[in-house]
$ cat data_39.cif   # mmCIF, C-alpha atoms and all ligand atoms
data_structure
loop_
_atom_site.label_atom_id
_atom_site.label_comp_id
_atom_site.auth_asym_id
_atom_site.auth_seq_id
_atom_site.Cartn_x
_atom_site.Cartn_y
_atom_site.Cartn_z
CA MET X 1 0.00 0.00 0.00
CA PRO X 2 1.49 3.41 -0.92
CA MET X 3 2.22 5.73 2.02
CA SER X 4 -0.41 8.17 0.74
CA GLU X 5 -3.24 5.65 1.13
CA PRO X 6 -4.99 5.95 4.49
CA SER X 7 -4.54 2.86 6.66
CA ILE X 8 -7.49 0.68 7.53
CA PHE X 9 -7.40 2.10 11.06
CA THR X 10 -7.47 5.70 9.80
CA ARG X 11 -10.47 4.78 7.67
CA ILE X 12 -12.19 3.29 10.72
CA LEU X 13 -11.41 6.41 12.78
CA GLN X 14 -12.86 8.60 10.03
CA GLY X 15 -16.01 6.46 9.85
CA GLU X 16 -15.38 5.16 6.32
CA ILE X 17 -15.28 1.57 7.58
CA PRO X 18 -17.76 0.66 10.30
CA SER X 19 -16.33 -0.37 13.64
CA GLU X 20 -17.48 0.70 17.08
CA ILE X 21 -14.99 2.99 18.82
CA LEU X 22 -14.98 1.43 22.29
CA ALA X 23 -12.95 4.16 23.97
CA GLU X 24 -10.70 7.03 23.13
CA THR X 25 -8.32 9.51 24.67
CA GLU X 26 -6.92 12.67 23.12
CA ASN X 27 -4.50 10.77 20.88
CA VAL X 28 -5.55 7.11 20.98
CA PHE X 29 -8.64 5.03 20.21
CA ALA X 30 -9.71 1.41 20.67
CA ILE X 31 -11.78 -1.07 18.65
CA ARG X 32 -12.51 -4.81 18.79
CA ASP X 33 -10.32 -6.96 16.57
CA ILE X 34 -12.39 -8.30 13.68
CA ALA X 35 -10.78 -11.77 14.06
CA PRO X 36 -10.43 -12.26 17.84
CA LYS X 37 -7.77 -14.66 19.11
CA ALA X 38 -8.76 -14.41 22.79
CA PRO X 39 -12.02 -13.97 24.72
CA VAL X 40 -11.21 -10.25 24.81
CA HIS X 41 -9.16 -9.04 21.85
CA LEU X 42 -9.05 -5.30 21.38
CA LEU X 43 -6.79 -3.00 19.37
CA VAL X 44 -5.42 0.24 20.81
CA ILE X 45 -4.33 2.60 18.04
CA PRO X 46 -2.84 6.09 17.88
CA LYS X 47 -5.03 8.49 15.92
CA THR X 48 -1.95 9.49 13.94
CA ALA X 49 -0.77 7.03 11.28
CA GLN X 50 2.76 8.43 11.22
CA TYR X 51 4.37 5.52 13.11
CA ARG X 52 4.57 2.20 11.31
CA ASN X 53 5.54 0.17 14.37
CA VAL X 54 6.25 0.37 18.09
CA VAL X 55 10.00 0.87 17.58
CA GLU X 56 9.41 4.08 15.61
CA LEU X 57 6.77 5.19 18.11
CA ALA X 58 8.89 4.56 21.21
CA ALA X 59 11.86 6.40 19.69
CA ASP X 60 9.89 9.45 18.67
CA ASP X 61 6.96 9.80 21.09
CA PRO X 62 7.22 7.73 24.28
CA ALA X 63 4.37 9.71 25.85
CA LEU X 64 2.05 8.49 23.10
CA LEU X 65 3.18 4.93 23.76
CA ALA X 66 2.42 5.46 27.45
CA GLU X 67 -1.04 6.78 26.51
CA MET X 68 -1.66 3.54 24.58
CA VAL X 69 -0.61 1.42 27.56
CA GLY X 70 -2.87 3.43 29.87
CA LEU X 71 -5.90 2.95 27.63
CA ALA X 72 -5.10 -0.77 27.27
CA SER X 73 -5.03 -1.13 31.04
CA SER X 74 -8.34 0.64 31.58
CA LEU X 75 -9.98 -1.44 28.82
CA ALA X 76 -8.70 -4.65 30.42
CA GLY X 77 -10.40 -3.56 33.64
CA GLU X 78 -13.62 -2.76 31.82
CA HIS X 79 -13.79 -5.85 29.56
CA ALA X 80 -12.00 -8.44 31.76
CA ASP X 81 -10.49 -8.74 35.23
CA GLY X 82 -7.78 -6.16 34.65
CA ASP X 83 -5.04 -8.60 33.63
CA PHE X 84 -3.95 -8.44 30.02
CA ARG X 85 -1.32 -9.27 27.44
CA LEU X 86 -0.10 -6.45 25.22
CA VAL X 87 1.28 -7.49 21.82
CA PHE X 88 2.91 -5.35 19.15
CA ASN X 89 3.55 -7.44 16.05
CA THR X 90 6.55 -5.73 14.49
CA GLY X 91 7.38 -6.62 10.90
CA ALA X 92 5.68 -8.90 8.40
CA ASN X 93 7.63 -11.95 9.56
CA ALA X 94 6.21 -11.40 13.06
CA GLY X 95 2.66 -11.28 11.73
CA GLN X 96 2.22 -7.54 11.28
CA THR X 97 -0.29 -6.85 8.51
CA VAL X 98 -1.26 -3.24 9.19
CA PHE X 99 1.65 -0.78 9.20
CA HIS X 100 -0.06 1.81 11.40
CA VAL X 101 1.20 0.98 14.88
CA HIS X 102 -1.34 -0.75 17.12
CA ALA X 103 -1.35 -2.80 20.31
CA HIS X 104 -3.31 -6.02 20.62
CA VAL X 105 -4.93 -6.17 24.07
CA LEU X 106 -5.62 -9.82 24.88
CA ALA X 107 -7.52 -10.72 28.03
CA GLY X 108 -9.86 -13.30 29.47
CA SER X 109 -8.71 -16.91 29.53
CA LEU X 110 -5.43 -16.78 27.59
CA ASP X 111 -4.31 -20.41 27.80
CA GLU X 112 -5.24 -21.04 24.17
CA ALA X 113 -4.64 -17.54 22.85
CA GLY X 114 -2.34 -17.18 19.88
CA LEU X 115 -0.09 -14.21 19.40
CA GLY X 116 -1.12 -13.38 15.86
CA GLY X 117 -0.30 -14.48 12.36
P1 LIG X 201 -1.42 -7.07 12.86
O1 LIG X 201 -1.54 -8.39 12.14
O2 LIG X 201 -0.97 -5.97 11.91
O3 LIG X 201 -0.62 -7.11 14.14
O4 LIG X 201 -2.88 -6.72 13.36
C1 LIG X 201 -3.88 -6.22 12.52
C2 LIG X 201 -5.18 -6.65 13.13
O5 LIG X 201 -6.20 -5.86 12.57
C3 LIG X 201 -5.53 -8.12 12.86
O6 LIG X 201 -5.61 -8.81 14.09
C4 LIG X 201 -6.87 -8.03 12.13
O7 LIG X 201 -7.77 -9.04 12.54
C5 LIG X 201 -7.36 -6.64 12.47
N1 LIG X 201 -8.18 -6.04 11.44
C6 LIG X 201 -7.91 -5.99 10.10
N2 LIG X 201 -8.89 -5.36 9.44
C7 LIG X 201 -9.79 -4.99 10.38
C8 LIG X 201 -11.04 -4.28 10.31
O8 LIG X 201 -11.51 -3.87 9.24
N3 LIG X 201 -11.69 -4.07 11.48
C9 LIG X 201 -11.20 -4.50 12.68
N4 LIG X 201 -11.95 -4.25 13.77
N5 LIG X 201 -10.05 -5.18 12.78
C10 LIG X 201 -9.34 -5.41 11.65
#
$ encode --input "data_39.cif" --output "structure tokens"
Amino acid sequence: MPMSEPSIFTRILQGEIPSEILAETENVFAIRDIAPKAPVHLLVIPKTAQYRNVVELAADDPALLAEMVGLASSLAGEHADGDFRLVFNTGANAGQTVFHVHAHVLAGSLDEAGLGG
């Protein structure tokens, strides 16, 4: 996909693709993953698409990364018992398919939960 094309998550944020926005902060929003791999499987996504992965994000804007972790934690409390696994697939060989950084928030019974791919 060319860099000029909006990512699927930007299109969701702009309402072009339907998906309920479960929660948002000033710079971050959350949706349910369309193909859940755990009883609770949410995605926490920066509103900006400028970072392709968590390495770029952490290097350039650690406060935004912290905002993502904070929203993930509050969602895990709202949708499960507060415990959660946070996964950033980084690179195609690690299962990343959308190059607009996002965190997978996995919660519930995780014994059988895969990590993506
Ligand atoms: P990645 O594989 O890049 O780490 O994660 C991308 C995630 O986005 C996948 O788990 C996939 O199921 C999810 N996804 C892809 N398209 C859509 C969509 O249109 N809506 C929602 N809610 N999730 C999507």
$ closest_residue --input "data_39.cif" --among "X:Pro46, X:Pro6, X:Pro36, X:Pro18" --to "X:His102" --atoms "all atoms listed in the file"
X:Pro46
$ residues_around --input "data_39.cif" --residues "X:Asp60" --least-positions-apart "4" --cutoff "9 Å" --atoms "only C-alpha atoms" --output "number ranges by chain"
X: 51, 55-56
$ residues_near_ligand --input "data_39.cif" --ligand "ligand LIG 201 (chain X)" --cutoff "9 Å" --atoms "all atoms listed in the file" --output "mmCIF file with C-alpha atoms, keeping the file's coordinate frame"
data_model
loop_
_atom_site.group_PDB
_atom_site.id
_atom_site.type_symbol
_atom_site.label_atom_id
_atom_site.label_comp_id
_atom_site.auth_asym_id
_atom_site.auth_seq_id
_atom_site.Cartn_x
_atom_site.Cartn_y
_atom_site.Cartn_z
ATOM 1 C CA ILE X 8 -7.490 0.680 7.530
ATOM 2 C CA PHE X 9 -7.400 2.100 11.060
ATOM 3 C CA ARG X 11 -10.470 4.780 7.670
ATOM 4 C CA ILE X 12 -12.190 3.290 10.720
ATOM 5 C CA ILE X 17 -15.280 1.570 7.580
ATOM 6 C CA PRO X 18 -17.760 0.660 10.300
ATOM 7 C CA SER X 19 -16.330 -0.370 13.640
ATOM 8 C CA GLU X 20 -17.480 0.700 17.080
ATOM 9 C CA ILE X 31 -11.780 -1.070 18.650
ATOM 10 C CA ARG X 32 -12.510 -4.810 18.790
ATOM 11 C CA ASP X 33 -10.320 -6.960 16.570
ATOM 12 C CA ILE X 34 -12.390 -8.300 13.680
ATOM 13 C CA ALA X 35 -10.780 -11.770 14.060
ATOM 14 C CA PRO X 36 -10.430 -12.260 17.840
ATOM 15 C CA LYS X 37 -7.770 -14.660 19.110
ATOM 16 C CA HIS X 41 -9.160 -9.040 21.850
ATOM 17 C CA LEU X 42 -9.050 -5.300 21.380
ATOM 18 C CA LEU X 43 -6.790 -3.000 19.370
ATOM 19 C CA VAL X 87 1.280 -7.490 21.820
ATOM 20 C CA PHE X 88 2.910 -5.350 19.150
ATOM 21 C CA ASN X 89 3.550 -7.440 16.050
ATOM 22 C CA THR X 90 6.550 -5.730 14.490
ATOM 23 C CA GLY X 91 7.380 -6.620 10.900
ATOM 24 C CA ALA X 92 5.680 -8.900 8.400
ATOM 25 C CA ALA X 94 6.210 -11.400 13.060
ATOM 26 C CA GLY X 95 2.660 -11.280 11.730
ATOM 27 C CA GLN X 96 2.220 -7.540 11.280
ATOM 28 C CA THR X 97 -0.290 -6.850 8.510
ATOM 29 C CA VAL X 98 -1.260 -3.240 9.190
ATOM 30 C CA PHE X 99 1.650 -0.780 9.200
ATOM 31 C CA HIS X 100 -0.060 1.810 11.400
ATOM 32 C CA VAL X 101 1.200 0.980 14.880
ATOM 33 C CA HIS X 102 -1.340 -0.750 17.120
ATOM 34 C CA ALA X 103 -1.350 -2.800 20.310
ATOM 35 C CA HIS X 104 -3.310 -6.020 20.620
ATOM 36 C CA LEU X 115 -0.090 -14.210 19.400
ATOM 37 C CA GLY X 116 -1.120 -13.380 15.860
ATOM 38 C CA GLY X 117 -0.300 -14.480 12.360
#
$ residues_around --input "data_39.cif" --residues "X:Phe84" --least-positions-apart "4" --cutoff "7 Å" --atoms "all atoms listed in the file" --output "ChimeraX atom specification"
/X:76,105-107
$ closest_residue --input "data_39.cif" --among "X:Ala38, X:Ala30, X:Ala49, X:Gly108" --to "X:Ala80" --atoms "all atoms listed in the file"
X:Gly108
$ atom_distance --input "data_39.cif" --atom1 "atom CA of X:Gly15" --atom2 "atom CA of X:Gln50"
18.9 Å
$ atom_distance --input "data_39.cif" --atom1 "atom CA of X:Asp111" --atom2 "atom CA of X:Gly77"
18.8 Å
$ closest_residue --input "data_39.cif" --among "X:Val54, X:Leu65, X:Ser73, X:Ile45" --to "X:Val28" --atoms "all atoms listed in the file"
X:Ile45
$ closest_residue --input "data_39.cif" --among "X:Asn27, X:Ser7, X:Ser109, X:Thr48" --to "X:Met68" --atoms "only C-alpha atoms"
X:Asn27
$ atom_distance --input "data_39.cif" --atom1 "atom CA of X:Leu86" --atom2 "atom CA of X:Thr25"
18.0 Å
$ axis_aligned_box --input "data_39.cif" --around "stretch 50-69 of chain X" --padding-each-side "8 Å" --output "lines of an AutoDock Vina configuration file"
center_x = 5.1
center_y = 5.0
center_z = 19.4
size_x = 29.5
size_y = 25.6
size_z = 32.3
$ closest_residue --input "data_39.cif" --among "X:Leu57, X:Val40, X:Leu64, X:Leu75" --to "X:Glu26" --atoms "only C-alpha atoms"
X:Leu64
$ closest_residue --input "data_39.cif" --among "X:Arg85, X:Pro39, X:Ile21, X:Glu5" --to "X:Ala72" --atoms "only C-alpha atoms"
X:Arg85
$ build_atoms --input "data_39.cif" --residues "stretch 62-88 of chain X" --atoms "N, CA, C and O atoms" --output "compact mmCIF listing (two decimals), keeping the file's coordinate frame"
# COMPACT_ATOMS: atom_id res chain seq x y z
N PRO X 62 7.50 8.67 23.20
CA PRO X 62 7.22 7.73 24.28
C PRO X 62 5.96 8.08 25.08
O PRO X 62 5.31 7.18 25.62
N ALA X 63 5.60 9.34 25.12
CA ALA X 63 4.37 9.71 25.85
C ALA X 63 3.14 9.13 25.14
O ALA X 63 2.17 8.73 25.81
N LEU X 64 3.18 9.09 23.83
CA LEU X 64 2.05 8.49 23.10
C LEU X 64 1.99 6.99 23.34
O LEU X 64 0.90 6.42 23.52
N LEU X 65 3.15 6.35 23.41
CA LEU X 65 3.18 4.93 23.76
C LEU X 65 2.60 4.71 25.16
O LEU X 65 1.80 3.79 25.38
N ALA X 66 2.95 5.57 26.08
CA ALA X 66 2.42 5.46 27.45
C ALA X 66 0.90 5.67 27.46
O ALA X 66 0.17 5.02 28.23
N GLU X 67 0.42 6.55 26.61
CA GLU X 67 -1.04 6.78 26.51
C GLU X 67 -1.73 5.52 26.01
O GLU X 67 -2.81 5.15 26.49
N MET X 68 -1.09 4.81 25.07
CA MET X 68 -1.66 3.54 24.58
C MET X 68 -1.71 2.51 25.71
O MET X 68 -2.72 1.80 25.87
N VAL X 69 -0.65 2.40 26.48
CA VAL X 69 -0.61 1.42 27.56
C VAL X 69 -1.68 1.75 28.61
O VAL X 69 -2.37 0.86 29.12
N GLY X 70 -1.84 3.03 28.90
CA GLY X 70 -2.87 3.43 29.87
C GLY X 70 -4.27 3.07 29.41
O GLY X 70 -5.08 2.56 30.20
N LEU X 71 -4.56 3.29 28.14
CA LEU X 71 -5.90 2.95 27.63
C LEU X 71 -6.07 1.43 27.62
O LEU X 71 -7.14 0.91 27.96
N ALA X 72 -5.02 0.70 27.25
CA ALA X 72 -5.10 -0.77 27.27
C ALA X 72 -5.43 -1.27 28.67
O ALA X 72 -6.28 -2.15 28.86
N SER X 73 -4.79 -0.70 29.66
CA SER X 73 -5.03 -1.13 31.04
C SER X 73 -6.47 -0.83 31.47
O SER X 73 -7.14 -1.69 32.07
N SER X 74 -6.97 0.33 31.15
CA SER X 74 -8.34 0.64 31.58
C SER X 74 -9.34 -0.23 30.83
O SER X 74 -10.34 -0.68 31.41
N LEU X 75 -9.07 -0.55 29.56
CA LEU X 75 -9.98 -1.44 28.82
C LEU X 75 -9.96 -2.85 29.40
O LEU X 75 -11.01 -3.52 29.46
N ALA X 76 -8.79 -3.31 29.82
CA ALA X 76 -8.70 -4.65 30.42
C ALA X 76 -9.51 -4.72 31.71
O ALA X 76 -10.09 -5.75 32.04
N GLY X 77 -9.56 -3.62 32.43
CA GLY X 77 -10.40 -3.56 33.64
C GLY X 77 -11.88 -3.54 33.32
O GLY X 77 -12.70 -4.10 34.04
N GLU X 78 -12.21 -2.90 32.22
CA GLU X 78 -13.62 -2.76 31.82
C GLU X 78 -14.16 -4.05 31.18
O GLU X 78 -15.29 -4.44 31.40
N HIS X 79 -13.33 -4.71 30.36
CA HIS X 79 -13.79 -5.85 29.56
C HIS X 79 -13.38 -7.20 30.14
O HIS X 79 -13.85 -8.23 29.68
N ALA X 80 -12.46 -7.20 31.12
CA ALA X 80 -12.00 -8.44 31.76
C ALA X 80 -11.66 -8.12 33.22
O ALA X 80 -12.19 -7.16 33.78
N ASP X 81 -10.78 -8.92 33.80
CA ASP X 81 -10.49 -8.74 35.23
C ASP X 81 -9.33 -7.79 35.50
O ASP X 81 -8.87 -7.67 36.63
N GLY X 82 -8.86 -7.13 34.48
CA GLY X 82 -7.78 -6.16 34.65
C GLY X 82 -6.42 -6.69 34.21
O GLY X 82 -5.51 -5.91 33.97
N ASP X 83 -6.29 -8.02 34.12
CA ASP X 83 -5.04 -8.60 33.63
C ASP X 83 -5.08 -8.64 32.10
O ASP X 83 -6.14 -8.89 31.51
N PHE X 84 -3.95 -8.44 31.48
CA PHE X 84 -3.95 -8.44 30.02
C PHE X 84 -2.56 -8.71 29.46
O PHE X 84 -1.55 -8.56 30.15
N ARG X 85 -2.55 -9.10 28.21
CA ARG X 85 -1.32 -9.27 27.44
C ARG X 85 -1.32 -8.20 26.35
O ARG X 85 -2.34 -8.01 25.68
N LEU X 86 -0.20 -7.52 26.21
CA LEU X 86 -0.10 -6.45 25.22
C LEU X 86 0.90 -6.90 24.15
O LEU X 86 2.04 -7.22 24.47
N VAL X 87 0.44 -6.95 22.90
CA VAL X 87 1.28 -7.49 21.82
C VAL X 87 1.40 -6.45 20.70
O VAL X 87 0.40 -5.92 20.22
N PHE X 88 2.64 -6.20 20.32
CA PHE X 88 2.91 -5.35 19.15
C PHE X 88 3.60 -6.22 18.10
O PHE X 88 4.82 -6.46 18.19
